[in-house]
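As stored in coords_7.txt (compact mmCIF, C-alpha atoms):
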```txt
# COMPACT_ATOMS: atom_id res chain seq x y z
CA MET A 631 14.01 -47.38 256.56
CA LEU A 632 15.82 -44.86 254.36
CA LEU A 633 18.16 -45.44 251.43
CA PHE A 634 21.01 -43.01 250.76
CA VAL A 635 22.70 -43.37 247.37
CA GLY A 636 26.04 -41.89 246.35
CA LEU A 637 26.57 -41.62 242.60
CA GLY A 638 29.96 -42.18 241.05
CA ASN A 639 32.04 -44.51 238.91
CA PRO A 640 33.76 -47.54 240.48
CA GLY A 641 37.51 -48.01 240.24
CA LYS A 642 40.62 -46.30 241.63
CA LYS A 643 41.18 -44.13 238.56
CA TYR A 644 37.85 -42.37 239.16
CA ASP A 645 38.25 -41.84 242.92
CA ASN A 646 39.10 -38.13 242.74
CA ASN A 647 36.87 -37.22 239.75
CA ARG A 648 34.39 -34.39 240.21
CA HIS A 649 31.76 -36.85 238.94
CA ASN A 650 32.44 -38.97 242.05
CA ILE A 651 31.56 -36.36 244.67
CA GLY A 652 28.41 -38.38 245.46
CA PHE A 653 30.60 -41.33 246.50
CA MET A 654 32.77 -38.98 248.56
CA ALA A 655 29.75 -37.53 250.39
CA VAL A 656 28.32 -40.89 251.45
CA ASP A 657 31.83 -42.10 252.42
CA GLU A 658 31.95 -39.20 254.88
CA ILE A 659 28.54 -40.16 256.32
CA ILE A 660 29.61 -43.82 256.61
CA LEU A 661 32.79 -42.85 258.47
CA ARG A 662 31.30 -40.17 260.73
CA HIS A 663 28.27 -42.23 261.79
CA ASP A 664 29.99 -45.62 262.18
CA PHE A 665 28.14 -47.55 259.48
CA SER A 666 28.90 -51.24 258.91
CA GLU A 667 31.53 -52.65 256.61
CA PRO A 668 30.08 -52.98 253.09
CA LYS A 669 28.33 -56.05 251.74
CA ILE A 670 28.81 -56.47 248.00
CA LYS A 671 25.31 -57.25 246.75
CA PHE A 672 22.66 -55.84 244.41
CA GLN A 673 25.50 -54.77 242.08
CA GLY A 674 26.73 -52.32 244.69
CA ALA A 675 28.47 -51.80 248.03
CA LEU A 676 25.76 -51.69 250.72
CA TYR A 677 26.31 -50.29 254.22
CA GLU A 678 23.96 -50.36 257.21
CA GLY A 679 23.69 -47.93 260.09
CA ARG A 680 21.52 -45.45 261.93
CA LEU A 681 21.01 -41.72 261.84
CA GLY A 682 19.31 -40.80 265.09
CA SER A 683 16.58 -43.38 265.59
CA GLU A 684 16.23 -44.12 261.88
CA LYS A 685 17.72 -47.19 260.19
CA VAL A 686 19.57 -46.17 257.02
CA LEU A 687 21.10 -48.14 254.16
CA ILE A 688 23.83 -46.47 252.10
CA LEU A 689 24.47 -47.72 248.58
CA LYS A 690 27.38 -47.05 246.26
CA PRO A 691 26.40 -48.66 242.94
CA LEU A 692 29.29 -50.62 241.41
CA THR A 693 27.79 -50.39 237.95
CA PHE A 694 29.07 -47.40 236.02
CA MET A 695 27.25 -44.10 236.45
CA ASN A 696 24.91 -44.58 233.50
CA LYS A 697 23.66 -47.91 234.94
CA SER A 698 23.19 -46.72 238.55
CA GLY A 699 19.43 -47.18 238.43
CA ILE A 700 19.76 -50.96 238.11
CA SER A 701 21.53 -51.31 241.47
CA VAL A 702 19.28 -48.77 243.23
CA SER A 703 16.10 -50.42 241.98
CA GLU A 704 17.27 -53.86 243.16
CA VAL A 705 17.91 -52.56 246.70
CA ALA A 706 14.65 -50.58 246.79
CA ARG A 707 12.64 -53.57 245.60
CA PHE A 708 14.24 -56.05 248.02
CA TYR A 709 13.83 -53.81 251.09
CA LYS A 710 10.50 -52.34 249.90
CA ILE A 711 11.80 -48.76 250.07
CA SER A 712 9.61 -46.24 248.26
CA SER A 713 11.13 -43.42 246.21
CA ASP A 714 10.15 -40.81 248.83
CA ASN A 715 12.57 -42.55 251.22
CA ILE A 716 15.49 -42.48 248.75
CA PHE A 717 18.11 -39.70 248.95
CA VAL A 718 20.62 -39.35 246.11
CA PHE A 719 23.93 -37.44 246.42
CA TYR A 720 25.46 -36.30 243.13
CA ASP A 721 27.56 -33.68 241.34
CA GLU A 722 25.77 -30.57 240.08
CA LEU A 723 27.35 -28.47 237.30
CA ASP A 724 24.84 -25.65 237.67
CA LEU A 725 25.79 -24.92 241.28
CA ASP A 726 28.85 -22.98 242.37
CA ALA A 727 31.62 -25.17 243.77
CA GLY A 728 30.98 -25.99 247.43
CA LYS A 729 27.26 -25.13 247.42
CA VAL A 730 24.55 -27.63 248.47
CA LYS A 731 20.91 -27.69 247.40
CA PHE A 732 18.06 -30.09 248.15
CA LYS A 733 15.35 -30.95 245.66
CA THR A 734 12.60 -33.56 245.35
CA GLY A 735 11.68 -34.84 241.90
CA GLY A 736 12.22 -32.91 238.68
CA GLY A 737 14.32 -33.41 235.57
CA ASN A 738 17.79 -34.92 235.27
CA ALA A 739 19.46 -31.98 233.42
CA GLY A 740 21.43 -34.49 231.34
CA HIS A 741 23.05 -36.19 234.34
CA ASN A 742 23.62 -39.83 233.33
CA GLY A 743 23.20 -41.19 236.85
CA LEU A 744 19.85 -39.47 237.36
CA ARG A 745 18.72 -40.45 233.88
CA SER A 746 19.33 -44.10 234.80
CA LEU A 747 17.49 -43.71 238.11
CA ASP A 748 14.53 -42.14 236.32
CA GLN A 749 14.32 -45.24 234.12
CA TYR A 750 14.24 -47.72 237.01
CA ILE A 751 12.40 -45.94 239.84
CA ASN A 752 9.92 -43.09 239.65
CA LYS A 753 11.24 -39.52 239.77
CA ASP A 754 9.98 -38.61 243.25
CA TYR A 755 13.26 -39.39 245.03
CA HIS A 756 15.15 -36.68 246.93
CA ARG A 757 18.28 -35.13 245.42
CA ILE A 758 21.21 -33.64 247.33
CA ARG A 759 22.91 -31.51 244.69
CA LEU A 760 26.61 -30.94 245.40
CA GLY A 761 28.03 -28.02 243.44
CA ILE A 762 31.17 -28.60 241.39
CA GLY A 763 30.89 -25.39 239.36
CA HIS A 764 30.70 -24.95 235.57
CA PRO A 765 33.88 -24.53 233.50
CA GLY A 766 32.20 -21.69 231.62
CA ASP A 767 32.36 -23.25 228.17
CA LYS A 768 30.06 -26.05 227.01
CA SER A 769 32.91 -27.72 225.11
CA ARG A 770 34.86 -28.15 228.38
CA VAL A 771 32.04 -29.73 230.42
CA THR A 772 32.98 -33.40 229.89
CA GLY A 773 36.63 -32.82 230.78
CA HIS A 774 35.61 -30.80 233.83
CA VAL A 775 33.16 -33.40 235.16
CA LEU A 776 35.44 -36.38 234.51
CA GLY A 777 38.56 -34.52 235.63
CA ASP A 778 40.08 -34.77 239.10
CA PHE A 779 39.63 -32.17 241.81
CA SER A 780 42.69 -29.93 241.97
CA LYS A 781 44.79 -29.02 245.00
CA GLN A 782 43.01 -25.65 245.02
CA ASP A 783 39.65 -27.44 245.25
CA GLU A 784 40.63 -29.34 248.40
CA LYS A 785 39.83 -26.53 250.84
CA TRP A 786 36.18 -26.08 249.81
CA LEU A 787 35.74 -29.80 249.04
CA ASP A 788 36.90 -30.93 252.50
CA LEU A 789 34.61 -28.35 254.12
CA LEU A 790 31.65 -29.42 251.97
CA LEU A 791 32.09 -33.12 252.72
CA ASP A 792 32.59 -32.50 256.44
CA THR A 793 29.47 -30.31 256.55
CA VAL A 794 27.30 -32.86 254.70
CA GLY A 795 28.52 -35.62 257.03
CA ARG A 796 27.70 -33.58 260.12
CA ALA A 797 24.27 -32.49 258.84
CA ALA A 798 23.19 -35.87 257.42
CA GLU A 799 21.10 -36.82 260.46
CA LYS A 800 18.75 -33.93 259.65
CA LEU A 801 17.75 -35.65 256.40
CA VAL A 802 15.58 -38.13 258.28
CA SER A 803 12.85 -35.46 258.47
CA GLY A 804 12.50 -35.96 254.71
CA ASN A 805 11.79 -32.38 253.58
CA GLY A 806 15.36 -31.09 253.33
CA VAL A 807 14.70 -27.85 255.20
CA ASP A 808 16.22 -29.12 258.46
CA PHE A 809 19.24 -30.42 256.52
CA LEU A 810 19.90 -27.12 254.73
CA ASN A 811 19.35 -25.13 257.93
CA GLU A 812 21.90 -27.31 259.71
CA ILE A 813 24.38 -26.80 256.88
CA GLY A 814 23.87 -23.05 257.21
CA LEU A 815 24.53 -23.17 260.96
CA ILE A 816 27.70 -25.22 260.48
CA LEU A 817 29.05 -22.95 257.76
CA LYS A 818 28.40 -19.64 259.55
CA PRO A 819 31.43 -19.85 261.88
CA ASN A 820 33.62 -20.72 258.88
CA GLU A 821 32.31 -17.73 256.92
CA LYS A 822 33.02 -15.41 259.88
CA LYS A 823 36.51 -16.88 260.22
CA ALA A 824 37.20 -16.41 256.49
CA LYS A 825 36.03 -12.78 256.63
CA THR A 826 38.23 -12.12 259.66
CA ASN A 827 41.24 -13.61 257.87
CA GLU A 828 40.51 -11.52 254.76
CA LYS A 829 40.30 -8.36 256.89
CA LYS A 830 43.64 -9.14 258.57
CA GLU A 831 45.31 -9.75 255.21
CA SER A 832 44.05 -6.43 253.82
CA GLU A 833 45.30 -4.42 256.84
```
When written as structure tokens, how does the structure in this file appear?
Amino acid sequence: MLLFVGLGNPGKKYDNNRHNIGFMAVDEIILRHDFSEPKIKFQGALYEGRLGSEKVLILKPLTFMNKSGISVSEVARFYKISSDNIFVFYDELDLDAGKVKFKTGGGNAGHNGLRSLDQYINKDYHRIRLGIGHPGDKSRVTGHVLGDFSKQDEKWLDLLLDTVGRAAEKLVSGNGVDFLNEIGLILKPNEKKAKTNEKKESE
């Protein structure tokens, strides 16, 4: 059994925050792969479903971001899920907007959700880093992260979420390579289409 975790803050006012892209990503997986209605337990919203032949739980902690580890650790302990079967989706400042990277273990780079997870489970969980871009100035980071996605962001954001939802089944292999390869294959036609459109506009 695998556990997918989307990181975000609960409540309507945070729904469109860049910090909530982890929630948005798992929402797309839940919808695309027909997961169950949520059960409110373990201080989170817990969904059940399958990706291929693998049973998967998806958790959206309903604690605030900096307490996410409490909810995740309760689910992991109850279902006896080890950290190498936990996949966490979250916003990454140090990645260009719309980019996706996969990483296992490592530091938290000051991310409050990861910092909380590190306190409650060991650090060997898998991380799906979803790029939101850096505002360019350290003093603007908090406003950027806690600000809403703009209308201009919607094009790349919708594509990113759709791509992650479509490629999610490849995560069951555990090493991330299959997942990233699938993302690359999905995005290639879009890149070709964008280049074609750019060429037409310049003619």
Q | Long-range neighbours of A:Gly761 as a PyMOL selection string, 10 Å cut-off, all atoms listed in the file, 6 positions minimum in chain | A | chain A and resi 648+651+720-731+787+790
Q) atom CA of A:Tyr709 and atom CA of A:Pro668, how far apart in Å? A) 16.4 Å
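Distance annotation: of A:Leu744, A:Val771, A:Leu801, A:Leu815, the residue with the minimal separation from A:Leu632 is A:Leu801; atom set is all atoms listed in the file.
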Q: Pick out the closest residue to A:Tyr677 from this set: A:Gly652, A:Gly641, A:Gly737, A:Gly636. Count only C-alpha atoms.
A: A:Gly636
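A straight line drawn from atom CA of A:Lys753 to atom CA of A:Asp778 is 29.2 Å long.
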Q: Point out the residue among A:Ile758, A:Ile670, A:Val656, A:Ile711 with the least atom-to-atom distance to A:Thr734, counting only C-alpha atoms.
A: A:Ile758
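Here the question is which of A:Lys733, A:Gly679, A:Ser666, A:Leu637 gets nearest to A:Ser701 using all atoms listed in the file, and that residue is A:Leu637.
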Q | Shortest interatomic distance to A:Met631 - which of A:Asp748, A:Glu678, A:Glu658, A:Glu704, counting only C-alpha atoms | A | A:Glu678
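Coordinates place atom CA of A:Arg745 at a distance of 27.3 Å from atom CA of A:Ile813.
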